[in-house]
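Trainee: Can you keep this structure in mind? I'll have questions shortly.
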Amino acid sequence: MAEFMELEAQDGVRMTWNVVPGTKEEAGNCVVPVSAIYTPIKPFPNMLVLTYAPLRCRNCSSVLNPFCVMDFAAKIWICPFCFHRSHFPAHYASVSEENLPAELFPQYTTIEYKSPREAACLQSVFMFVIDTSIIEEEMAFLKSALSQAIGLFPDNSLVGLITFGTLVHLHEIGFSTAPKTYVFKGSKDVPKGQLLEQMGFFLNKPKPLTGVIAGARDGLSSDSIARFLLPASECEFAINSVLEELQKDPWPIPADQRASRSTGTALSVAASLLGACFPGSGARIMAFLGGPSTEGPGAIVSKNLSEPIRSHKDLDKDSAPHYHKAIKFYETLAKQLVHQGHVLDLFACAVDQVGVAELKVVVERTGGFVVLAESFGHSVFKDTLRRVFQSGDKGLGLSSNGIFEVNCSKDLKIQGVLGPCASLEKRSPLCSDTIIGQGNTSAWKMCGLDQATTLCLVFDIVRKDIPDATVQSSSSQFYFQFLTFYQHSSGEMRLRVTTLSRRWVAGPGSIQDLISGFDQDAAAAAMARLVSFKMEIEAEFDPIRWLDKALIHICSRFGDYQKDTPSSFSLSPRFSIFPQFMFHLRRSQFVQVFNNSPDETAYFRMILNRENVANSVVMIQPSLISYSFQSVPEPALLDVTAIAADRILLLDSYFTVVIFHGSTIAQWRKAGYHDQPEHQAFAQLLQAPRDDADAIIKERFPVPRLVICDQYGSQARFLLAKLNPSASCNSDGHRPGGDIIFTDDVSFEVFLDHLQRLAVQ
């Protein structure tokens with residue numbers, strides 16, 4: 001994988017096929033689609049930033065790049081995408097083979113342009129939307145976390161506050177001496193015009209006849225805005241005063257009912273206010289939810305406790321009465337926020353479901369964060385919130401107002417993007433008839449993006465036939481160009497351009513070339529996103545059958561075997577780990593929804609859809625490290641045989657980090673041996689996995705949950721659920737000090753045996 005990681009380190013791209021199948025039929029036989037997993041604003045230590053405007057092709061708008069053909073004598077460059085010939089402008093007059101501009105250097109396939117003018121002053125806007133229908137203990141945790149977060153805000157950022165329960169309260173924090181609150185009924189949506197009129201935005205001027213829309217500042221005075229959104233440097237006292245006095249929702253809750261919670265109305269009020277005050281700016285609505293929405297638009301369950309919150313079974317049977325209505329409301333809200341260029345971040349902290357499954361559409365299309373924890377007092381929530389506002393090298397590099405565009409060779413078409421973005425509906429000849437994710441466009445809006453935000457682009461090969469040998473030898477390359485126009489965290493507007501070239505092959509002798517260019521990690525990440533997408537949109541879709549068929553076809557096509565002889569089957573090292581990835585993907589939380597709520601499944605898929613290949617692979621096939629007196633820490637097989645009484649295991653499944661003590665280690669620890677001077681080696685053995693776990697947690701966003709457990713303890717399930725059940729209740733060979741898994745799942749060995757038998761038929 002080293003060569004593919006080098007390409008990623010240069011351009012932030014991993015492709016499933018680095019040698020591309022050259023015809024539609026060939027691509028169909030390859031099963032795994034031609035995909036690029038791209039991190040648009042990944043930081044590079046030697047990134048070249050040019051302070052002049054990019055030179056674009058007049059025909060297809062692609063940017064000058066190292067793959068353009070040059071005619072230095074005539075001062076002409078030929079676009080590799082549309083073959084249009086363009087003259088260099090006057091300021092490129094001195095261009096020659098010895099005097100190349102930076103964008104033509106072969107090592108600068110990724111480059112950035114910024115405006116030579118001074119950077120705009122980036123004014124971050126944060127609108128807190130706080131659920132008050134929570135118990136006093138949770139309220140205290142939340143207030144403490146928010147008070148700390150306010151101290152981390154950049155001084156020039158603006159902050160506003162909305163609280164909600166039965167009613168929605170918009171706090172006027174501009175006059176700390178006499179704080180005022182505007183109250184809205186939670187049971188119905190508040191139109192934007194009515195909202196602004198009620199808040200006195202039109203007192204000194206006539207109300208616009210055409211209604212209030214996003215896209216202009218609506219002529220609102222800065223005084224009107226300052227009543228509700230104040231600079232962080234000025235509002236810390238005012239907001240802390242409001243937070244100190246904040247009480248849980250005072251409305252009484254009958255014993256047989258849930259708390260009244262008008263989440264949809266509160267988010268709608270926040271969106272309308274920001275749309276009127278700061279359209280087109282990098283504003284973020286940060287929603288802190290402690291339970292399910294039960295009131296007004298976007299409600300996911302009734303107040304009556306006799307009605308359970310929807311489960312996966314209810315969604316499959318279409319018997320969740322509120323689901324479709326809530327989805328429709330949040331799709332409208334998503335459209336509004338995308339139009340305004342604003343982001344929704346979701347912090348859901350409750351033992352119960354809160355409606356993440358319904359809110360997924362808004363968070364994903366606006367590029368927001370999602371955090372799921374059991375309590376506002378949990379480190380998962382507190383540490384993640386702190387990370388959002390960290391600056392410098394450890395910051396997330398929050399950027400805004402992104403527009404992402406794709407150009408590619410004419411024999412390729414774009415099926416769509418799987419990831420945190422929204423279609424700009426820019427239809428072009430590059431759009432495929434088959435739509436995956438956000439499709440039927442060649443441009444997407446990314447309201448919020450950070451240094452780790454990653455998109456998965458899926459391409460279609462449209463060429464039917466192999467061109468003749470002379471044409472093939474002269475143009476056996478496919479070209480891709482990704483353009484990301486965004487507002488950098490420094491306030492500058494930047495354009496990042498990444499241009500790639502990949503060789504294509506077709507015909508009888510192409511199999512070895514395709515094998516040499518297959519990136520099995522990227523393929524696993526792309527298949528995980530694809531199967532998650534299909535499970536959400538296709539009724540009666542069977543993910544296990546789909547994955548199994550895909551794997552059998554791949555092994556049958558790329559495996560080395562004699563027909564009908566399973567024992568002769570072997571795979572190239574380029575493919576050898578792929579069956580293992582598919583085995584773990586079939587058992588993962590993305591495919592197996594049993595024992596997970598719709599909220600948890602939505603959360604896992606949202607994180608998968610925004611992470612890079614390395615992180616996605618950890619989600620699919622967790623890493624396992626073994627610690628013992630007999631050896632230094634070493635990687636262990638993700639198998640139940642890795643468990644031993646005298647061993648500590650560290651499992652990283654991305655969402656959870658588990659430190660698992662074997663039964664003997666647990667007994668020694670409980671006996672306090674690690675506190676005795678003569679057992680320093682044991683103390684060090686206990687500490688080593690803890691240090692490694694802390695290092696993982698420190699680097700990851702959102703912060704994972706840490707579980708420390710013992711063999712045969714109840715929380716050992718976090719480890720056992722991820723292990724290959726090679727020793728289960730259905731098999732022999734239990735080892736003393738080892739463990740078995742009580743499951744009907746087949747082991748990887750049985751899975752591989754069946755795969756080989758089917759592949760060679």
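Here's how to read the names in the structure tokens: chain A, B, ... by the order shown, residue numbers from 1 in each chain, ligand numbers from 1 in the order shown.
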Can you list, as an MDAnalysis selection string, every protein, DNA or RNA residue that comes within 10 Å of A:His339 when you count only C-alpha atoms, leaving out same-chain residues fewer than 2 positions away?
Mentor: chainID A and resid 213:215 275 279:280 333:337 341:342 366 422 424 445 447
Trainee: As JSON, numbers by chain, please: the residues near A:Ser570 (cut-off 8 Å, only C-alpha atoms, same-chain neighbours under 2 positions excluded).
Mentor: {"A": [559, 560, 561, 568, 572]}
Trainee: What does the file look like for those residues with N, CA and C atoms, as an mmCIF file, in the first residue's frame?
Mentor:
```cif
data_model
loop_
_atom_site.group_PDB
_atom_site.id
_atom_site.type_symbol
_atom_site.label_atom_id
_atom_site.label_comp_id
_atom_site.auth_asym_id
_atom_site.auth_seq_id
_atom_site.Cartn_x
_atom_site.Cartn_y
_atom_site.Cartn_z
ATOM 1 N N GLY A 559 -8.865 -13.949 -9.187
ATOM 2 C CA GLY A 559 -8.177 -15.031 -8.485
ATOM 3 C C GLY A 559 -7.397 -15.913 -9.455
ATOM 4 N N ASP A 560 -6.473 -16.685 -8.897
ATOM 5 C CA ASP A 560 -5.676 -17.622 -9.696
ATOM 6 C C ASP A 560 -6.105 -19.025 -9.268
ATOM 7 N N TYR A 561 -6.697 -19.836 -10.149
ATOM 8 C CA TYR A 561 -7.224 -21.144 -9.748
ATOM 9 C C TYR A 561 -7.465 -22.030 -10.971
ATOM 10 N N SER A 568 -6.911 -25.016 -5.182
ATOM 11 C CA SER A 568 -5.922 -24.339 -6.046
ATOM 12 C C SER A 568 -6.073 -22.816 -6.023
ATOM 13 N N SER A 572 -3.709 -12.538 -5.527
ATOM 14 C CA SER A 572 -2.519 -11.686 -5.529
ATOM 15 C C SER A 572 -2.460 -10.901 -4.211
#
```
Trainee: For the alpha helix (DSSP H) assignment from backbone DSSP, which residues of stretch 126-159 of chain A qualify? Please present them as number ranges by chain.
Mentor: A: 136-150
Trainee: Those selected residues, please, written with N, CA and C atoms and delivered as an mmCIF file, in the first residue's frame.
Mentor:
```
data_model
loop_
_atom_site.group_PDB
_atom_site.id
_atom_site.type_symbol
_atom_site.label_atom_id
_atom_site.label_comp_id
_atom_site.auth_asym_id
_atom_site.auth_seq_id
_atom_site.Cartn_x
_atom_site.Cartn_y
_atom_site.Cartn_z
ATOM 1 N N GLU A 136 -32.001 18.208 35.903
ATOM 2 C CA GLU A 136 -31.115 19.223 36.487
ATOM 3 C C GLU A 136 -29.638 18.832 36.384
ATOM 4 N N GLU A 137 -29.335 17.554 36.624
ATOM 5 C CA GLU A 137 -27.941 17.103 36.602
ATOM 6 C C GLU A 137 -27.337 17.307 35.205
ATOM 7 N N GLU A 138 -28.093 16.927 34.147
ATOM 8 C CA GLU A 138 -27.623 17.105 32.772
ATOM 9 C C GLU A 138 -27.479 18.598 32.440
ATOM 10 N N MET A 139 -28.423 19.402 32.944
ATOM 11 C CA MET A 139 -28.370 20.846 32.712
ATOM 12 C C MET A 139 -27.079 21.437 33.296
ATOM 13 N N ALA A 140 -26.696 20.965 34.485
ATOM 14 C CA ALA A 140 -25.465 21.467 35.130
ATOM 15 C C ALA A 140 -24.242 21.085 34.298
ATOM 16 N N PHE A 141 -24.196 19.837 33.800
ATOM 17 C CA PHE A 141 -23.081 19.393 32.947
ATOM 18 C C PHE A 141 -22.979 20.252 31.689
ATOM 19 N N LEU A 142 -24.143 20.490 31.060
ATOM 20 C CA LEU A 142 -24.166 21.238 29.798
ATOM 21 C C LEU A 142 -23.728 22.686 30.010
ATOM 22 N N LYS A 143 -24.245 23.322 31.067
ATOM 23 C CA LYS A 143 -23.880 24.721 31.339
ATOM 24 C C LYS A 143 -22.376 24.852 31.589
ATOM 25 N N SER A 144 -21.804 23.884 32.316
ATOM 26 C CA SER A 144 -20.369 23.904 32.607
ATOM 27 C C SER A 144 -19.556 23.794 31.310
ATOM 28 N N ALA A 145 -19.962 22.867 30.423
ATOM 29 C CA ALA A 145 -19.227 22.661 29.165
ATOM 30 C C ALA A 145 -19.321 23.889 28.266
ATOM 31 N N LEU A 146 -20.515 24.516 28.220
ATOM 32 C CA LEU A 146 -20.707 25.690 27.358
ATOM 33 C C LEU A 146 -19.929 26.896 27.886
ATOM 34 N N SER A 147 -19.900 27.057 29.206
ATOM 35 C CA SER A 147 -19.145 28.177 29.795
ATOM 36 C C SER A 147 -17.667 28.078 29.427
ATOM 37 N N GLN A 148 -17.132 26.846 29.446
ATOM 38 C CA GLN A 148 -15.721 26.654 29.068
ATOM 39 C C GLN A 148 -15.517 26.929 27.573
ATOM 40 N N ALA A 149 -16.488 26.495 26.757
ATOM 41 C CA ALA A 149 -16.368 26.677 25.301
ATOM 42 C C ALA A 149 -16.365 28.152 24.928
ATOM 43 N N ILE A 150 -17.189 28.959 25.604
ATOM 44 C CA ILE A 150 -17.283 30.400 25.278
ATOM 45 C C ILE A 150 -15.923 31.072 25.469
#
```
Trainee: If you take only C-alpha atoms and a cut-off of 10 Å, which residues of stretch 462-581 of chain A touch stretch 3-14 of chain A, and what are their nearest atom pairs and distances in Å to one decimal, in chain and number order, as CSV?
Mentor:
```
residue,atom,partner,partner_atom,distance
A:Val497,CA,A:Asp11,CA,9.5
A:Thr498,CA,A:Asp11,CA,6.5
A:Thr499,CA,A:Asp11,CA,8.4
A:Leu500,CA,A:Asp11,CA,8.4
A:Gly517,CA,A:Phe4,CA,9.0
A:Phe518,CA,A:Phe4,CA,9.4
A:Asp519,CA,A:Phe4,CA,7.2
A:Asp521,CA,A:Arg14,CA,8.9
A:Ala522,CA,A:Arg14,CA,6.2
A:Ala523,CA,A:Arg14,CA,9.2
```
Trainee: Would you export the selected residues with all heavy atoms as an mmCIF file, in the first residue's frame, please?
Mentor:
```cif
data_model
loop_
_atom_site.group_PDB
_atom_site.id
_atom_site.type_symbol
_atom_site.label_atom_id
_atom_site.label_comp_id
_atom_site.auth_asym_id
_atom_site.auth_seq_id
_atom_site.Cartn_x
_atom_site.Cartn_y
_atom_site.Cartn_z
ATOM 1 N N VAL A 497 -6.565 23.283 -6.435
ATOM 2 C CA VAL A 497 -6.702 22.527 -7.683
ATOM 3 C C VAL A 497 -5.864 21.260 -7.579
ATOM 4 O O VAL A 497 -4.667 21.324 -7.325
ATOM 5 C CB VAL A 497 -6.221 23.367 -8.899
ATOM 6 C CG1 VAL A 497 -6.406 22.578 -10.195
ATOM 7 C CG2 VAL A 497 -6.953 24.702 -8.968
ATOM 8 N N THR A 498 -6.518 20.104 -7.729
ATOM 9 C CA THR A 498 -5.805 18.818 -7.766
ATOM 10 C C THR A 498 -6.078 18.179 -9.121
ATOM 11 O O THR A 498 -7.237 17.979 -9.494
ATOM 12 C CB THR A 498 -6.292 17.885 -6.637
ATOM 13 O OG1 THR A 498 -5.950 18.468 -5.374
ATOM 14 C CG2 THR A 498 -5.654 16.519 -6.733
ATOM 15 N N THR A 499 -5.013 17.882 -9.876
ATOM 16 C CA THR A 499 -5.157 17.257 -11.200
ATOM 17 C C THR A 499 -4.451 15.909 -11.186
ATOM 18 O O THR A 499 -3.301 15.814 -10.750
ATOM 19 C CB THR A 499 -4.554 18.153 -12.298
ATOM 20 O OG1 THR A 499 -4.994 19.507 -12.089
ATOM 21 C CG2 THR A 499 -5.013 17.697 -13.676
ATOM 22 N N LEU A 500 -5.161 14.874 -11.626
ATOM 23 C CA LEU A 500 -4.626 13.514 -11.604
ATOM 24 C C LEU A 500 -4.637 12.914 -12.999
ATOM 25 O O LEU A 500 -5.487 13.260 -13.824
ATOM 26 C CB LEU A 500 -5.484 12.593 -10.726
ATOM 27 C CG LEU A 500 -5.878 13.046 -9.332
ATOM 28 C CD1 LEU A 500 -6.896 12.080 -8.767
ATOM 29 C CD2 LEU A 500 -4.664 13.094 -8.442
ATOM 30 N N GLY A 517 -2.896 -2.127 -9.970
ATOM 31 C CA GLY A 517 -3.366 -0.797 -9.563
ATOM 32 C C GLY A 517 -4.516 -0.815 -8.579
ATOM 33 O O GLY A 517 -5.111 0.220 -8.291
ATOM 34 N N PHE A 518 -4.862 -2.017 -8.040
ATOM 35 C CA PHE A 518 -6.014 -2.112 -7.130
ATOM 36 C C PHE A 518 -5.601 -1.724 -5.717
ATOM 37 O O PHE A 518 -4.643 -2.267 -5.163
ATOM 38 C CB PHE A 518 -6.566 -3.543 -7.145
ATOM 39 C CG PHE A 518 -7.802 -3.734 -6.300
ATOM 40 C CD1 PHE A 518 -8.999 -3.108 -6.638
ATOM 41 C CD2 PHE A 518 -7.777 -4.536 -5.163
ATOM 42 C CE1 PHE A 518 -10.138 -3.285 -5.863
ATOM 43 C CE2 PHE A 518 -8.910 -4.713 -4.380
ATOM 44 C CZ PHE A 518 -10.095 -4.096 -4.737
ATOM 45 N N ASP A 519 -6.329 -0.774 -5.123
ATOM 46 C CA ASP A 519 -6.074 -0.322 -3.748
ATOM 47 C C ASP A 519 -7.170 -0.912 -2.869
ATOM 48 O O ASP A 519 -8.292 -0.407 -2.823
ATOM 49 C CB ASP A 519 -6.089 1.214 -3.714
ATOM 50 C CG ASP A 519 -5.786 1.781 -2.332
ATOM 51 O OD1 ASP A 519 -5.846 1.023 -1.347
ATOM 52 O OD2 ASP A 519 -5.507 2.989 -2.235
ATOM 53 N N ASP A 521 -7.621 -1.092 0.374
ATOM 54 C CA ASP A 521 -8.126 -0.247 1.475
ATOM 55 C C ASP A 521 -9.169 0.742 0.959
ATOM 56 O O ASP A 521 -10.250 0.895 1.539
ATOM 57 C CB ASP A 521 -6.966 0.524 2.126
ATOM 58 C CG ASP A 521 -6.010 -0.378 2.884
ATOM 59 O OD1 ASP A 521 -5.685 -1.444 2.343
ATOM 60 O OD2 ASP A 521 -5.595 -0.008 3.997
ATOM 61 N N ALA A 522 -8.823 1.424 -0.150
ATOM 62 C CA ALA A 522 -9.757 2.396 -0.737
ATOM 63 C C ALA A 522 -11.024 1.699 -1.222
ATOM 64 O O ALA A 522 -12.129 2.228 -1.080
ATOM 65 C CB ALA A 522 -9.088 3.137 -1.901
ATOM 66 N N ALA A 523 -10.871 0.482 -1.773
ATOM 67 C CA ALA A 523 -12.031 -0.273 -2.260
ATOM 68 C C ALA A 523 -12.961 -0.631 -1.106
ATOM 69 O O ALA A 523 -14.191 -0.531 -1.228
ATOM 70 C CB ALA A 523 -11.565 -1.534 -2.981
#
```
Trainee: From a DSSP calculation on the backbone, collect every residue of stretch 80-308 of chain A in strand (DSSP E) and output the set as a count of residues only.
Mentor: 43
Trainee: Rank A:Val361, A:Ile41, A:Val370, A:Leu551 by their smallest atom-to-atom distance to A:Met527, using only C-alpha atoms, and report the top residue only.
Mentor: A:Leu551
Trainee: Using only C-alpha atoms, which protein or nucleic acid residues come within 8 Å of stretch 501-503 of chain A? Drop anything in the same chain fewer than 3 positions from it, and give the result as a ChimeraX atom specification.
Mentor: /A:18-20,67,476-480
Trainee: Can you write out the residues you just picked, keeping N, CA and C atoms, as a PDB file, in the first residue's frame?
Mentor:
```
ATOM      1  N   ASN A  18      -6.099   2.284  -9.582  1.00  0.00           N
ATOM      2  CA  ASN A  18      -5.090   3.238 -10.038  1.00  0.00           C
ATOM      3  C   ASN A  18      -4.644   2.957 -11.465  1.00  0.00           C
ATOM      4  N   VAL A  19      -5.023   1.792 -11.976  1.00  0.00           N
ATOM      5  CA  VAL A  19      -5.014   1.533 -13.414  1.00  0.00           C
ATOM      6  C   VAL A  19      -6.475   1.290 -13.737  1.00  0.00           C
ATOM      7  N   VAL A  20      -7.066   2.136 -14.584  1.00  0.00           N
ATOM      8  CA  VAL A  20      -8.524   2.195 -14.713  1.00  0.00           C
ATOM      9  C   VAL A  20      -9.003   1.266 -15.828  1.00  0.00           C
ATOM     10  N   PHE A  67      -0.388  18.428 -16.783  1.00  0.00           N
ATOM     11  CA  PHE A  67      -0.704  17.476 -17.851  1.00  0.00           C
ATOM     12  C   PHE A  67      -1.103  18.166 -19.157  1.00  0.00           C
ATOM     13  N   SER A 476      -3.569   6.837 -23.739  1.00  0.00           N
ATOM     14  CA  SER A 476      -4.067   5.815 -22.810  1.00  0.00           C
ATOM     15  C   SER A 476      -4.110   6.342 -21.372  1.00  0.00           C
ATOM     16  N   GLN A 477      -4.512   7.617 -21.219  1.00  0.00           N
ATOM     17  CA  GLN A 477      -4.613   8.229 -19.890  1.00  0.00           C
ATOM     18  C   GLN A 477      -6.020   8.800 -19.698  1.00  0.00           C
ATOM     19  N   PHE A 478      -6.537   8.642 -18.488  1.00  0.00           N
ATOM     20  CA  PHE A 478      -7.745   9.359 -18.079  1.00  0.00           C
ATOM     21  C   PHE A 478      -7.287  10.487 -17.157  1.00  0.00           C
ATOM     22  N   TYR A 479      -7.906  11.653 -17.296  1.00  0.00           N
ATOM     23  CA  TYR A 479      -7.536  12.804 -16.456  1.00  0.00           C
ATOM     24  C   TYR A 479      -8.707  13.207 -15.562  1.00  0.00           C
ATOM     25  N   PHE A 480      -8.383  13.627 -14.341  1.00  0.00           N
ATOM     26  CA  PHE A 480      -9.379  14.088 -13.365  1.00  0.00           C
ATOM     27  C   PHE A 480      -8.876  15.415 -12.797  1.00  0.00           C
TER      28      PHE A 480
END
```
Trainee: Neighbours of A:His324 within 10 Å (only C-alpha atoms; same-chain residues fewer than 6 positions away dropped), as a PyMOL selection string?
Mentor: chain A and resi 298+300+315+318+330+358
Trainee: May I have the residues within 6 Å of stretch 78-91 of chain A as a ChimeraX atom specification, using only C-alpha atoms and disregarding those fewer than 2 positions away in the same chain?
Mentor: /A:68-69,75-76,93,409
Trainee: Quick one: distance from atom CA of A:Gln520 to atom CA of A:Lys563 in Å, one decimal?
Mentor: 24.8 Å
Trainee: Considering only C-alpha atoms, state which residue in the set A:Gln194, A:Asn724, A:Ser241, A:Ser567 is at the smallest distance from A:His171.
Mentor: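 Of the candidates, the smallest distance to A:His171 is held by A:Ser241.
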Trainee: Residues within 7 Å of stretch 657-661 of chain A, please, as a list in words. Count only C-alpha atoms; anything in the same chain fewer than 3 positions from it doesn't count.
Mentor: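 The neighbour list is Arg647, Ile648, Leu649, Leu650, Leu651, Asp652, Ser653, Tyr654, Ile665, Ala666, Pro689, Ala693, Pro704, Arg705, Leu706, Val707, Ile708, Cys709, Asp710, Gln711 and Leu719 of chain A.
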Trainee: Next, the residues of the selection above should be written as a PDB file, in the first residue's frame with N, CA and C atoms.
Mentor:
```pdb
ATOM      1  N   ARG A 647      -2.631 -11.678  29.214  1.00  0.00           N
ATOM      2  CA  ARG A 647      -2.399 -10.714  28.130  1.00  0.00           C
ATOM      3  C   ARG A 647      -3.386  -9.542  28.248  1.00  0.00           C
ATOM      4  N   ILE A 648      -2.917  -8.351  27.874  1.00  0.00           N
ATOM      5  CA  ILE A 648      -3.810  -7.187  27.757  1.00  0.00           C
ATOM      6  C   ILE A 648      -3.986  -6.896  26.269  1.00  0.00           C
ATOM      7  N   LEU A 649      -5.219  -6.613  25.857  1.00  0.00           N
ATOM      8  CA  LEU A 649      -5.492  -6.285  24.451  1.00  0.00           C
ATOM      9  C   LEU A 649      -6.006  -4.854  24.350  1.00  0.00           C
ATOM     10  N   LEU A 650      -5.554  -4.140  23.334  1.00  0.00           N
ATOM     11  CA  LEU A 650      -6.053  -2.784  23.048  1.00  0.00           C
ATOM     12  C   LEU A 650      -6.754  -2.829  21.695  1.00  0.00           C
ATOM     13  N   LEU A 651      -8.069  -2.637  21.700  1.00  0.00           N
ATOM     14  CA  LEU A 651      -8.866  -2.644  20.469  1.00  0.00           C
ATOM     15  C   LEU A 651      -9.238  -1.209  20.098  1.00  0.00           C
ATOM     16  N   ASP A 652      -8.953  -0.832  18.861  1.00  0.00           N
ATOM     17  CA  ASP A 652      -9.376   0.477  18.349  1.00  0.00           C
ATOM     18  C   ASP A 652     -10.383   0.240  17.232  1.00  0.00           C
ATOM     19  N   SER A 653     -11.678   0.476  17.542  1.00  0.00           N
ATOM     20  CA  SER A 653     -12.716   0.297  16.516  1.00  0.00           C
ATOM     21  C   SER A 653     -13.222   1.658  16.013  1.00  0.00           C
ATOM     22  N   TYR A 654     -12.437   2.696  16.208  1.00  0.00           N
ATOM     23  CA  TYR A 654     -12.671   4.092  15.822  1.00  0.00           C
ATOM     24  C   TYR A 654     -13.660   4.783  16.764  1.00  0.00           C
ATOM     25  N   ILE A 665      -4.400 -11.194  34.585  1.00  0.00           N
ATOM     26  CA  ILE A 665      -4.003  -9.774  34.725  1.00  0.00           C
ATOM     27  C   ILE A 665      -5.011  -9.048  35.614  1.00  0.00           C
ATOM     28  N   ALA A 666      -6.309  -9.308  35.402  1.00  0.00           N
ATOM     29  CA  ALA A 666      -7.368  -8.642  36.187  1.00  0.00           C
ATOM     30  C   ALA A 666      -7.244  -9.010  37.668  1.00  0.00           C
ATOM     31  N   PRO A 689      -0.817   0.135  27.578  1.00  0.00           N
ATOM     32  CA  PRO A 689      -2.002   0.286  26.715  1.00  0.00           C
ATOM     33  C   PRO A 689      -2.778   1.565  27.013  1.00  0.00           C
ATOM     34  N   ALA A 693      -3.780   4.246  24.286  1.00  0.00           N
ATOM     35  CA  ALA A 693      -5.194   4.615  24.122  1.00  0.00           C
ATOM     36  C   ALA A 693      -5.357   6.135  24.201  1.00  0.00           C
ATOM     37  N   PRO A 704     -13.390   9.310  20.749  1.00  0.00           N
ATOM     38  CA  PRO A 704     -14.023   7.997  20.953  1.00  0.00           C
ATOM     39  C   PRO A 704     -14.277   7.708  22.434  1.00  0.00           C
ATOM     40  N   ARG A 705     -15.123   6.716  22.663  1.00  0.00           N
ATOM     41  CA  ARG A 705     -15.427   6.293  24.031  1.00  0.00           C
ATOM     42  C   ARG A 705     -14.340   5.321  24.497  1.00  0.00           C
ATOM     43  N   LEU A 706     -13.861   5.486  25.716  1.00  0.00           N
ATOM     44  CA  LEU A 706     -12.852   4.580  26.280  1.00  0.00           C
ATOM     45  C   LEU A 706     -13.542   3.576  27.195  1.00  0.00           C
ATOM     46  N   VAL A 707     -13.317   2.275  26.925  1.00  0.00           N
ATOM     47  CA  VAL A 707     -13.891   1.212  27.756  1.00  0.00           C
ATOM     48  C   VAL A 707     -12.733   0.396  28.324  1.00  0.00           C
ATOM     49  N   ILE A 708     -12.674   0.291  29.659  1.00  0.00           N
ATOM     50  CA  ILE A 708     -11.661  -0.558  30.301  1.00  0.00           C
ATOM     51  C   ILE A 708     -12.407  -1.727  30.939  1.00  0.00           C
ATOM     52  N   CYS A 709     -12.087  -2.954  30.513  1.00  0.00           N
ATOM     53  CA  CYS A 709     -12.879  -4.100  30.971  1.00  0.00           C
ATOM     54  C   CYS A 709     -11.993  -5.310  31.240  1.00  0.00           C
ATOM     55  N   ASP A 710     -12.599  -6.318  31.853  1.00  0.00           N
ATOM     56  CA  ASP A 710     -11.890  -7.552  32.195  1.00  0.00           C
ATOM     57  C   ASP A 710     -12.517  -8.731  31.466  1.00  0.00           C
ATOM     58  N   GLN A 711     -11.705  -9.758  31.264  1.00  0.00           N
ATOM     59  CA  GLN A 711     -12.221 -10.990  30.667  1.00  0.00           C
ATOM     60  C   GLN A 711     -13.376 -11.523  31.525  1.00  0.00           C
ATOM     61  N   LEU A 719     -15.297  -5.868  23.006  1.00  0.00           N
ATOM     62  CA  LEU A 719     -14.215  -6.529  22.270  1.00  0.00           C
ATOM     63  C   LEU A 719     -14.741  -7.756  21.521  1.00  0.00           C
TER      64      LEU A 719
END
```
Trainee: Leaving out A:Pro297 and any residue of its chain fewer than 5 positions from it, which residues lie within 9 Å of it when counting only C-alpha atoms, given as a PyMOL selection string?
Mentor: chain A and resi 186-189+262-265+325-326+329-330
Trainee: My list of candidates is A:Glu540, A:Asp675, A:Glu364, A:Glu374. Which is closest to A:Gly419 when distances are computed with only C-alpha atoms?
Mentor: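 For A:Gly419, the nearest of the candidates is A:Glu364.
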Trainee: Calculated over only C-alpha atoms, which of the candidates A:Cys408, A:Val129, A:Leu398, A:Val95 has the smallest distance to A:Met446?
Mentor: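 Among A:Cys408, A:Val129, A:Leu398, A:Val95, it is A:Leu398 that comes nearest to A:Met446.
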Trainee: Mind pulling up the distance from atom CA of A:Ser293 to atom CA of A:Arg610?
Mentor: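 Computed distance, atom CA of A:Arg610 to atom CA of A:Ser293, equals 25.9 Å.
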Trainee: Using atom CA of A:Leu152 and atom CA of A:Gly395 as the two end points, give the distance in Å to one decimal.
Mentor: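 Answer for the atom CA of A:Leu152 to atom CA of A:Gly395 separation: 11.6 Å.
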